[in-house]
Structure formats: structure tokens, C-alpha cells
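A.B. asks: Have a peek at entry.cif (mmCIF, C-alpha atoms).
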data_input
#
loop_
_atom_site.group_PDB
_atom_site.id
_atom_site.type_symbol
_atom_site.label_atom_id
_atom_site.label_comp_id
_atom_site.auth_asym_id
_atom_site.auth_seq_id
_atom_site.Cartn_x
_atom_site.Cartn_y
_atom_site.Cartn_z
ATOM 1 C CA MET A 1 -58.729 19.888 166.609
ATOM 2 C CA THR A 2 -59.363 18.731 163.070
ATOM 3 C CA GLU A 3 -62.480 16.860 162.094
ATOM 4 C CA LYS A 4 -62.265 13.392 160.628
ATOM 5 C CA ARG A 5 -62.610 13.445 156.845
ATOM 6 C CA ILE A 6 -65.061 10.970 155.344
ATOM 7 C CA GLN A 7 -62.915 8.886 152.993
ATOM 8 C CA VAL A 8 -65.651 6.931 151.224
ATOM 9 C CA LEU A 9 -69.354 7.629 151.269
ATOM 10 C CA PRO A 10 -71.418 4.834 152.828
ATOM 11 C CA LEU A 11 -73.049 2.484 150.323
ATOM 12 C CA ARG A 12 -76.523 3.574 151.403
ATOM 13 C CA THR A 13 -75.653 7.226 150.713
ATOM 14 C CA ARG A 14 -74.214 6.414 147.288
ATOM 15 C CA ALA A 15 -77.278 4.312 146.421
ATOM 16 C CA ALA A 16 -79.582 7.174 147.442
ATOM 17 C CA MET A 17 -77.595 9.597 145.286
ATOM 18 C CA LEU A 18 -77.705 7.215 142.302
ATOM 19 C CA ALA A 19 -81.460 6.722 142.622
ATOM 20 C CA ARG A 20 -81.954 10.480 142.804
ATOM 21 C CA LEU A 21 -79.817 10.977 139.696
ATOM 22 C CA LEU A 22 -82.518 9.218 137.688
ATOM 23 C CA ALA A 23 -84.805 12.146 138.581
ATOM 24 C CA VAL A 24 -82.245 14.945 138.223
ATOM 25 C CA GLN A 25 -84.334 16.680 135.545
ATOM 26 C CA GLY A 26 -87.584 16.406 137.490
ATOM 27 C CA SER A 27 -87.432 20.012 138.662
ATOM 28 C CA TRP A 28 -85.785 21.531 135.585
ATOM 29 C CA ASN A 29 -86.849 25.123 134.964
ATOM 30 C CA TYR A 30 -85.728 28.077 132.871
ATOM 31 C CA GLU A 31 -84.331 30.043 135.803
ATOM 32 C CA ILE A 32 -81.878 27.635 137.428
ATOM 33 C CA LEU A 33 -82.118 24.755 134.934
ATOM 34 C CA MET A 34 -80.867 21.624 136.760
ATOM 35 C CA GLY A 35 -79.835 23.389 139.973
ATOM 36 C CA THR A 36 -82.636 22.042 142.116
ATOM 37 C CA GLY A 37 -82.025 18.524 140.806
ATOM 38 C CA ILE A 38 -78.316 18.763 141.615
ATOM 39 C CA GLY A 39 -79.184 19.883 145.136
ATOM 40 C CA PHE A 40 -81.648 16.995 145.438
ATOM 41 C CA CYS A 41 -78.961 14.514 144.345
ATOM 42 C CA THR A 42 -76.187 15.836 146.623
ATOM 43 C CA GLU A 43 -78.439 16.075 149.685
ATOM 44 C CA PRO A 44 -77.791 12.522 151.018
ATOM 45 C CA ALA A 45 -74.042 13.244 151.131
ATOM 46 C CA LEU A 46 -74.561 16.673 152.681
ATOM 47 C CA ARG A 47 -76.290 15.005 155.643
ATOM 48 C CA LEU A 48 -72.823 13.793 156.650
ATOM 49 C CA LEU A 49 -71.561 17.344 157.223
ATOM 50 C CA PRO A 50 -70.778 18.331 160.829
ATOM 51 C CA GLY A 51 -73.993 19.091 162.692
ATOM 52 C CA GLY A 52 -76.128 16.856 160.464
ATOM 53 C CA VAL A 53 -79.326 18.146 158.894
ATOM 54 C CA GLN A 54 -79.841 20.621 161.729
ATOM 55 C CA GLY A 55 -76.411 22.212 161.290
ATOM 56 C CA THR A 56 -75.604 25.443 159.499
ATOM 57 C CA ALA A 57 -72.996 23.666 157.337
ATOM 58 C CA TYR A 58 -75.751 21.456 155.898
ATOM 59 C CA ARG A 59 -78.125 24.353 155.239
ATOM 60 C CA ASP A 60 -75.408 26.517 153.666
ATOM 61 C CA ALA A 61 -74.143 23.672 151.470
ATOM 62 C CA LEU A 62 -77.648 22.750 150.319
ATOM 63 C CA ALA A 63 -78.370 26.396 149.487
ATOM 64 C CA ARG A 64 -75.206 26.454 147.332
ATOM 65 C CA GLN A 65 -76.163 23.257 145.531
ATOM 66 C CA VAL A 66 -79.642 24.389 144.443
ATOM 67 C CA GLN A 67 -78.340 27.386 142.501
ATOM 68 C CA TYR A 68 -77.996 27.615 138.709
ATOM 69 C CA PHE A 69 -76.449 24.556 137.095
ATOM 70 C CA ASN A 70 -76.608 23.136 133.596
ATOM 71 C CA SER A 71 -75.021 20.052 132.087
ATOM 72 C CA HIS A 72 -76.068 16.935 130.271
ATOM 73 C CA PRO A 73 -78.296 14.952 132.657
ATOM 74 C CA TYR A 74 -76.516 11.666 131.959
ATOM 75 C CA LEU A 75 -73.179 13.164 133.058
ATOM 76 C CA ALA A 76 -74.618 14.967 136.082
ATOM 77 C CA ALA A 77 -73.304 12.168 138.324
ATOM 78 C CA ILE A 78 -69.772 13.443 137.758
ATOM 79 C CA ALA A 79 -70.779 16.878 138.999
ATOM 80 C CA VAL A 80 -72.818 15.521 141.902
ATOM 81 C CA GLY A 81 -69.944 13.370 143.137
ATOM 82 C CA ALA A 82 -67.340 16.089 142.755
ATOM 83 C CA LEU A 83 -69.499 18.752 144.398
ATOM 84 C CA ALA A 84 -70.424 16.463 147.289
ATOM 85 C CA ARG A 85 -66.738 15.672 147.823
ATOM 86 C CA ALA A 86 -65.832 19.369 147.784
ATOM 87 C CA GLU A 87 -68.516 20.118 150.380
ATOM 88 C CA LEU A 88 -67.466 17.220 152.609
ATOM 89 C CA ASP A 89 -63.815 18.230 152.354
ATOM 90 C CA GLY A 90 -64.709 21.700 153.620
ATOM 91 C CA GLU A 91 -63.663 23.643 150.539
ATOM 92 C CA SER A 92 -64.449 27.343 150.639
ATOM 93 C CA PRO A 93 -67.829 28.449 149.257
ATOM 94 C CA ALA A 94 -66.080 30.613 146.649
ATOM 95 C CA HIS A 95 -64.018 27.640 145.450
ATOM 96 C CA ILE A 96 -67.114 25.427 145.229
ATOM 97 C CA GLU A 97 -68.996 28.077 143.248
ATOM 98 C CA ARG A 98 -66.116 28.451 140.762
ATOM 99 C CA PHE A 99 -65.900 24.674 140.477
ATOM 100 C CA ARG A 100 -69.663 24.409 139.786
ATOM 101 C CA THR A 101 -69.380 27.031 137.081
ATOM 102 C CA ALA A 102 -66.380 25.261 135.544
ATOM 103 C CA LEU A 103 -68.254 21.932 135.383
ATOM 104 C CA CYS A 104 -71.287 23.228 133.476
ATOM 105 C CA GLY A 105 -69.855 23.802 130.000
ATOM 106 C CA PRO A 106 -67.688 20.711 129.574
ATOM 107 C CA LEU A 107 -70.267 18.270 130.966
ATOM 108 C CA GLY A 108 -72.978 19.745 128.766
ATOM 109 C CA SER A 109 -70.856 19.763 125.637
ATOM 110 C CA VAL A 110 -69.362 16.298 126.055
ATOM 111 C CA GLY A 111 -72.716 14.797 127.016
ATOM 112 C CA ASP A 112 -74.536 16.330 124.066
ATOM 113 C CA ARG A 113 -71.911 15.156 121.603
ATOM 114 C CA LEU A 114 -71.526 11.733 123.149
ATOM 115 C CA VAL A 115 -75.228 10.936 123.560
ATOM 116 C CA TRP A 116 -77.238 12.983 121.055
ATOM 117 C CA ALA A 117 -74.677 13.010 118.247
ATOM 118 C CA GLY A 118 -73.151 9.585 118.852
ATOM 119 C CA TRP A 119 -74.949 7.008 120.947
ATOM 120 C CA LEU A 120 -78.570 7.762 119.965
ATOM 121 C CA PRO A 121 -77.883 7.710 116.194
ATOM 122 C CA LEU A 122 -75.801 4.525 116.551
ATOM 123 C CA CYS A 123 -78.587 2.743 118.448
ATOM 124 C CA SER A 124 -81.118 3.961 115.883
ATOM 125 C CA VAL A 125 -79.066 2.727 112.924
ATOM 126 C CA LEU A 126 -78.422 -0.671 114.511
ATOM 127 C CA SER A 127 -82.134 -1.069 115.226
ATOM 128 C CA LEU A 128 -83.050 -0.082 111.673
ATOM 129 C CA VAL A 129 -80.501 -2.541 110.298
ATOM 130 C CA ALA A 130 -82.095 -5.277 112.404
ATOM 131 C CA PHE A 131 -85.510 -4.280 111.019
ATOM 132 C CA ALA A 132 -84.173 -4.272 107.451
ATOM 133 C CA LEU A 133 -82.777 -7.772 108.016
ATOM 134 C CA GLY A 134 -86.238 -9.004 108.962
ATOM 135 C CA ALA A 135 -86.612 -8.396 112.687
ATOM 136 C CA ALA A 136 -90.169 -7.851 113.860
ATOM 137 C CA PRO A 137 -91.160 -4.306 114.865
ATOM 138 C CA ALA A 138 -91.402 -5.285 118.541
ATOM 139 C CA THR A 139 -87.954 -6.901 118.367
ATOM 140 C CA THR A 140 -86.566 -3.794 116.691
ATOM 141 C CA LEU A 141 -87.980 -1.652 119.477
ATOM 142 C CA LEU A 142 -86.508 -3.926 122.142
ATOM 143 C CA ILE A 143 -83.111 -3.828 120.422
ATOM 144 C CA PHE A 144 -83.178 -0.038 120.379
ATOM 145 C CA LEU A 145 -84.332 0.328 123.987
ATOM 146 C CA GLY A 146 -81.898 -2.304 125.221
ATOM 147 C CA LEU A 147 -78.888 -0.814 123.463
ATOM 148 C CA TYR A 148 -79.752 2.774 124.318
ATOM 149 C CA ASN A 149 -80.370 2.061 127.989
ATOM 150 C CA VAL A 150 -77.142 0.098 128.380
ATOM 151 C CA GLY A 151 -75.242 3.233 127.365
ATOM 152 C CA HIS A 152 -77.573 5.625 129.158
ATOM 153 C CA LEU A 153 -77.457 3.809 132.485
ATOM 154 C CA GLY A 154 -73.736 3.183 132.122
ATOM 155 C CA LEU A 155 -73.104 6.911 131.903
ATOM 156 C CA ARG A 156 -75.206 7.653 134.959
#
Please express the file's structure as C-alpha cells.
C.D. replies:
Amino acid sequence: MTEKRIQVLPLRTRAAMLARLLAVQGSWNYEILMGTGIGFCTEPALRLLPGGVQGTAYRDALARQVQYFNSHPYLAAIAVGALARAELDGESPAHIERFRTALCGPLGSVGDRLVWAGWLPLCSVLSLVAFALGAAPATTLLIFLGLYNVGHLGLR
């Protein structure tokens, strides 16, 4: 007998994962970097595994998700969603581990180039242009924060 595959995560689960993504760096450390944060973010989806939170599938999957992981924090949602889907689809632990490893480099590189070398300087320049054209310092700050957070939250 095959188990029913969860096609779409419930809205409440997705909302919990999104809220947790805002704190993905909260447990960053030099040993496993963002691993604990990734585990924290995938945990609401892992509750849907057979056996629930008391099951061995849940405990094994959560143990896999809190291992070493590094990427750009704004693009971590891509990894969290893909890893949660792999766990819910019942992929083999070896496949999930290879997939995690494969996600680290590209998400870190693209995120760093997109945000730190592109979006942040663009928002800074636009804010400085507004200041040079006579905007008040508080207005300049609001322009910067507004622009930056539109891009930042859009990526998450």
C-alpha cells in the first residue's frame, strides 16, 4: 500500500515556514553555519511526515536538516522548500544529503552577487541621489529602507 503524497503544503504550514525564514540566521554558528536555522524552518513541513512528531521519519528528517548548510539567507527559502519537498516525497537520505550539498554553493554565490553586489549598492545610490536632490535625511533613510526591504522581502 502506498501512502498518499501531500501535493501542496497547507497554508498554515507555509506561513509558519515563511515566518521562521525571517529568523533563519538566529542560530548561525561557525560549525554548522545555517544548518540549525534550516532545520527550524523545515520543521513545520516535517510534522506532516508519516507518524507525526512522534514518528521516526520526523526525527530522522529533522536530524538531517540541522546538519551543515550555508547559503545566502535571503535565498534560503528555495532550499527550505526543496528540502521539505524531498523529505515529504520520501527521497532517500543519501539523495537528500547530496541535494543539500548541491544547493549550498549556488544559493550562496547568487545571493551574494544579487544582494550585496547589486541590490544594496543600487538602493544606496538611489537614496544618495534623493539626498543630493534635496530630500531630508529622514526621507533619504526611508527611501533606502523602503527600497531595500521591497527587494529583501521579495527574495524571501
A.B. asks: Kindly indicate which residue among A:Ala61, A:Leu155, A:Cys41, A:Ile143 lies nearest to Leu122 in chain A, using only C-alpha atoms for the distances.
C.D. replies: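 Between A:Ala61, A:Leu155, A:Cys41, A:Ile143, the residue approaching Leu122 in chain A most closely is A:Ile143.
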A.B. asks: Identify, on the basis of only C-alpha atoms, every residue whose closest approach to range 67-75 of chain A does not exceed 7 Å; exclude the query and any residue fewer than 5 positions from it along the same chain; express the result as a list in words.
C.D. replies: Val24, Gln25, Ile32, Leu33, Met34, Gly35, Thr36, Cys104, Gly105, Leu107, Gly108, Gly111, Asp112, His152, Leu155 and Arg156 of chain A
A.B. asks: Show me, as a list of chain:residue names, the residues that have an atom within 12 Å of Arg12 in chain A when counting only C-alpha atoms, minus same-chain residues fewer than 6 positions from it.
C.D. replies: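 So, after excluding close chain neighbours, the residues are A:Leu18, A:Ala19, A:Pro44, A:Ala45.
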A.B. asks: Which of these, A:His95, A:Arg113, A:Arg47, A:Arg100, has the shortest distance to Ala76 in chain A once you count only C-alpha atoms?
C.D. replies: A:Arg100
A.B. asks: Tell me which of A:Ala77, A:Pro93, A:Tyr148, A:Leu133 sits closest to Ala15 in chain A, counting all atoms listed in the file.
C.D. replies: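 Nearest to Ala15 in chain A: A:Ala77.
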A.B. asks: Quick check, in Å to one decimal: how far apart do CA of Gly118 in chain A and CA of Leu147 in chain A lie?
C.D. replies: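 Those two atoms sit 12.7 Å apart.
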A.B. asks: Have a look at CA of Ala23 in chain A and CA of Glu97 in chain A and let me know their distance in Å, one decimal.
C.D. replies: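 So the two atoms, CA of Ala23 in chain A and CA of Glu97 in chain A, lie 22.9 Å apart.
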A.B. asks: Go ahead and compute the interatomic distance for CA of Pro106 in chain A and CA of Arg14 in chain A, in Å to one decimal.
C.D. replies: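 CA of Arg14 in chain A lies 23.7 Å from CA of Pro106 in chain A.
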A.B. asks: Which residues, written as a list in words, have at least one atom at most 9 Å from Leu62 in chain A, with only C-alpha atoms counted and residues fewer than 6 positions away on the same chain left out?
C.D. replies: Gly39, Phe40, Thr42, Glu43 and Leu46 of chain A
A.B. asks: Compare A:Leu21, A:Leu114, A:Leu83, A:Leu11 by their minimum atom-to-atom distance to Phe99 in chain A, counting all atoms listed in the file, and give me the closest one.
C.D. replies: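 Residue with the minimum atom-to-atom distance to Phe99 in chain A: A:Leu83.
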A.B. asks: What do you get, as a PyMOL selection string, if you spell out every residue that the PyMOL selection byres ((chain A and resi 126-131) around 10) selects here?
C.D. replies: chain A and resi 121-125+132-145+147
A.B. asks: Would you output that residue set with C-alpha atoms, as a PDB file, in the frame of the given file?
C.D. replies:
ATOM      1  CA  PRO A 121     -77.883   7.710 116.194  1.00  0.00           C
ATOM      2  CA  LEU A 122     -75.801   4.525 116.551  1.00  0.00           C
ATOM      3  CA  CYS A 123     -78.587   2.743 118.448  1.00  0.00           C
ATOM      4  CA  SER A 124     -81.118   3.961 115.883  1.00  0.00           C
ATOM      5  CA  VAL A 125     -79.066   2.727 112.924  1.00  0.00           C
ATOM      6  CA  ALA A 132     -84.173  -4.272 107.451  1.00  0.00           C
ATOM      7  CA  LEU A 133     -82.777  -7.772 108.016  1.00  0.00           C
ATOM      8  CA  GLY A 134     -86.238  -9.004 108.962  1.00  0.00           C
ATOM      9  CA  ALA A 135     -86.612  -8.396 112.687  1.00  0.00           C
ATOM     10  CA  ALA A 136     -90.169  -7.851 113.860  1.00  0.00           C
ATOM     11  CA  PRO A 137     -91.160  -4.306 114.865  1.00  0.00           C
ATOM     12  CA  ALA A 138     -91.402  -5.285 118.541  1.00  0.00           C
ATOM     13  CA  THR A 139     -87.954  -6.901 118.367  1.00  0.00           C
ATOM     14  CA  THR A 140     -86.566  -3.794 116.691  1.00  0.00           C
ATOM     15  CA  LEU A 141     -87.980  -1.652 119.477  1.00  0.00           C
ATOM     16  CA  LEU A 142     -86.508  -3.926 122.142  1.00  0.00           C
ATOM     17  CA  ILE A 143     -83.111  -3.828 120.422  1.00  0.00           C
ATOM     18  CA  PHE A 144     -83.178  -0.038 120.379  1.00  0.00           C
ATOM     19  CA  LEU A 145     -84.332   0.328 123.987  1.00  0.00           C
ATOM     20  CA  LEU A 147     -78.888  -0.814 123.463  1.00  0.00           C
TER      21      LEU A 147
END
A.B. asks: Determine the nearest neighbour of Ile96 in chain A from the options A:Leu9, A:Leu120, A:Ala79, A:Leu48, counting all atoms listed in the file.
C.D. replies: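 For Ile96 in chain A, the nearest of the candidates is A:Ala79.
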A.B. asks: Centre and edge lengths of an axis-aligned box around all listed atoms of range 116-135 of chain A, with 8 Å added on each side, are to be given in Å to one decimal, as AutoDock Vina command-line options.
C.D. replies:
--center_x -79.9 --center_y 2.0 --center_z 114.3 --size_x 29.5 --size_y 38.0 --size_z 29.6
A.B. asks: Please extract range 6-128 of chain A and write it out with C-alpha atoms, as a compact mmCIF listing (two decimals), in the first residue's frame.
C.D. replies:
# COMPACT_ATOMS: atom_id res chain seq x y z
CA ILE A 6 0.98 15.67 0.05
CA GLN A 7 0.54 17.72 -3.12
CA VAL A 8 0.50 21.20 -1.62
CA LEU A 9 1.51 22.20 1.88
CA PRO A 10 -1.35 23.67 3.93
CA LEU A 11 -1.38 27.47 4.08
CA ARG A 12 -0.75 27.43 7.83
CA THR A 13 2.38 25.30 7.33
CA ARG A 14 3.69 27.57 4.58
CA ALA A 15 3.02 30.66 6.71
CA ALA A 16 4.90 29.10 9.64
CA MET A 17 7.84 28.29 7.37
CA LEU A 18 7.88 31.84 5.96
CA ALA A 19 7.80 33.40 9.42
CA ARG A 20 10.65 31.15 10.52
CA LEU A 21 12.68 32.12 7.46
CA LEU A 22 12.94 35.64 8.87
CA ALA A 23 14.94 34.12 11.74
CA VAL A 24 16.98 31.63 9.71
CA GLN A 25 20.27 33.20 10.84
CA GLY A 26 19.28 33.32 14.51
CA SER A 27 21.31 30.24 15.38
CA TRP A 28 24.18 30.75 12.93
CA ASN A 29 27.48 29.37 14.21
CA TYR A 30 30.91 28.54 12.83
CA GLU A 31 30.41 24.77 12.99
CA ILE A 32 27.22 24.19 11.02
CA LEU A 33 26.58 27.76 9.83
CA MET A 34 22.86 27.96 8.92
CA GLY A 35 22.09 24.28 9.49
CA THR A 36 20.09 24.75 12.65
CA GLY A 37 18.11 27.57 11.05
CA ILE A 38 17.29 25.42 8.03
CA GLY A 39 16.08 22.67 10.34
CA PHE A 40 14.00 25.21 12.26
CA CYS A 41 12.40 26.43 9.01
CA THR A 42 11.64 22.98 7.57
CA GLU A 43 10.22 21.63 10.83
CA PRO A 44 6.56 22.66 10.21
CA ALA A 45 6.55 20.66 6.95
CA LEU A 46 8.30 17.69 8.55
CA ARG A 47 5.40 17.38 11.01
CA LEU A 48 3.37 16.09 8.05
CA LEU A 49 5.59 13.01 7.67
CA PRO A 50 4.00 9.63 8.50
CA GLY A 51 3.85 9.16 12.26
CA GLY A 52 3.80 12.89 13.00
CA VAL A 53 6.20 14.42 15.50
CA GLN A 54 6.41 11.16 17.45
CA GLY A 55 7.46 9.13 14.40
CA THR A 56 10.96 8.04 13.47
CA ALA A 57 10.58 9.59 9.99
CA TYR A 58 10.14 13.01 11.61
CA ARG A 59 13.10 12.61 13.96
CA ASP A 60 15.39 11.27 11.21
CA ALA A 61 14.39 14.03 8.78
CA LEU A 62 14.86 16.76 11.38
CA ALA A 63 18.29 15.36 12.28
CA ARG A 64 19.26 15.55 8.58
CA GLN A 65 18.04 19.13 8.26
CA VAL A 66 20.05 20.54 11.19
CA GLN A 67 23.40 19.50 9.71
CA TYR A 68 25.89 21.81 7.97
CA PHE A 69 24.33 24.19 5.48
CA ASN A 70 25.43 27.51 4.05
CA SER A 71 23.78 29.82 1.56
CA HIS A 72 22.65 33.40 1.33
CA PRO A 73 19.93 33.87 3.97
CA TYR A 74 17.59 35.67 1.58
CA LEU A 75 17.62 32.69 -0.80
CA ALA A 76 17.32 30.08 1.95
CA ALA A 77 13.59 29.77 1.18
CA ILE A 78 14.45 27.98 -2.05
CA ALA A 79 16.47 25.41 -0.13
CA VAL A 80 13.88 25.07 2.63
CA GLY A 81 11.07 24.42 0.16
CA ALA A 82 13.06 21.98 -1.93
CA LEU A 83 14.38 20.07 1.07
CA ALA A 84 10.94 19.87 2.68
CA ARG A 85 9.51 18.55 -0.59
CA ALA A 86 12.26 15.94 -0.87
CA GLU A 87 11.58 14.76 2.69
CA LEU A 88 7.82 14.62 2.15
CA ASP A 89 8.27 12.74 -1.12
CA GLY A 90 10.28 10.08 0.72
CA GLU A 91 13.55 10.57 -1.12
CA SER A 92 16.45 8.52 0.20
CA PRO A 93 18.61 10.11 2.91
CA ALA A 94 21.67 9.86 0.65
CA HIS A 95 19.85 11.71 -2.14
CA ILE A 96 18.69 14.44 0.25
CA GLU A 97 22.22 14.89 1.60
CA ARG A 98 23.67 15.23 -1.92
CA PHE A 99 20.91 17.67 -2.80
CA ARG A 100 21.64 19.78 0.31
CA THR A 101 25.30 19.89 -0.58
CA ALA A 102 24.50 20.85 -4.18
CA LEU A 103 22.28 23.76 -3.04
CA CYS A 104 24.87 25.45 -0.82
CA GLY A 105 27.28 26.90 -3.37
CA PRO A 106 24.88 28.25 -5.98
CA LEU A 107 22.47 29.82 -3.48
CA GLY A 108 25.34 31.47 -1.63
CA SER A 109 27.02 32.76 -4.76
CA VAL A 110 23.89 34.03 -6.49
CA GLY A 111 22.58 35.62 -3.30
CA ASP A 112 25.84 37.40 -2.55
CA ARG A 113 26.11 38.77 -6.06
CA LEU A 114 22.46 39.68 -6.34
CA VAL A 115 22.08 41.34 -2.94
CA TRP A 116 25.49 42.58 -1.76
CA ALA A 117 26.92 43.47 -5.17
CA GLY A 118 23.69 44.57 -6.85
CA TRP A 119 20.64 45.44 -4.80
CA LEU A 120 22.32 47.07 -1.77
CA PRO A 121 24.53 49.40 -3.86
CA LEU A 122 21.58 50.30 -6.10
CA CYS A 123 19.39 51.21 -3.11
CA SER A 124 22.27 53.20 -1.61
CA VAL A 125 22.88 55.17 -4.81
CA LEU A 126 19.19 55.93 -5.30
CA SER A 127 18.93 57.15 -1.71
CA LEU A 128 22.02 59.32 -2.09
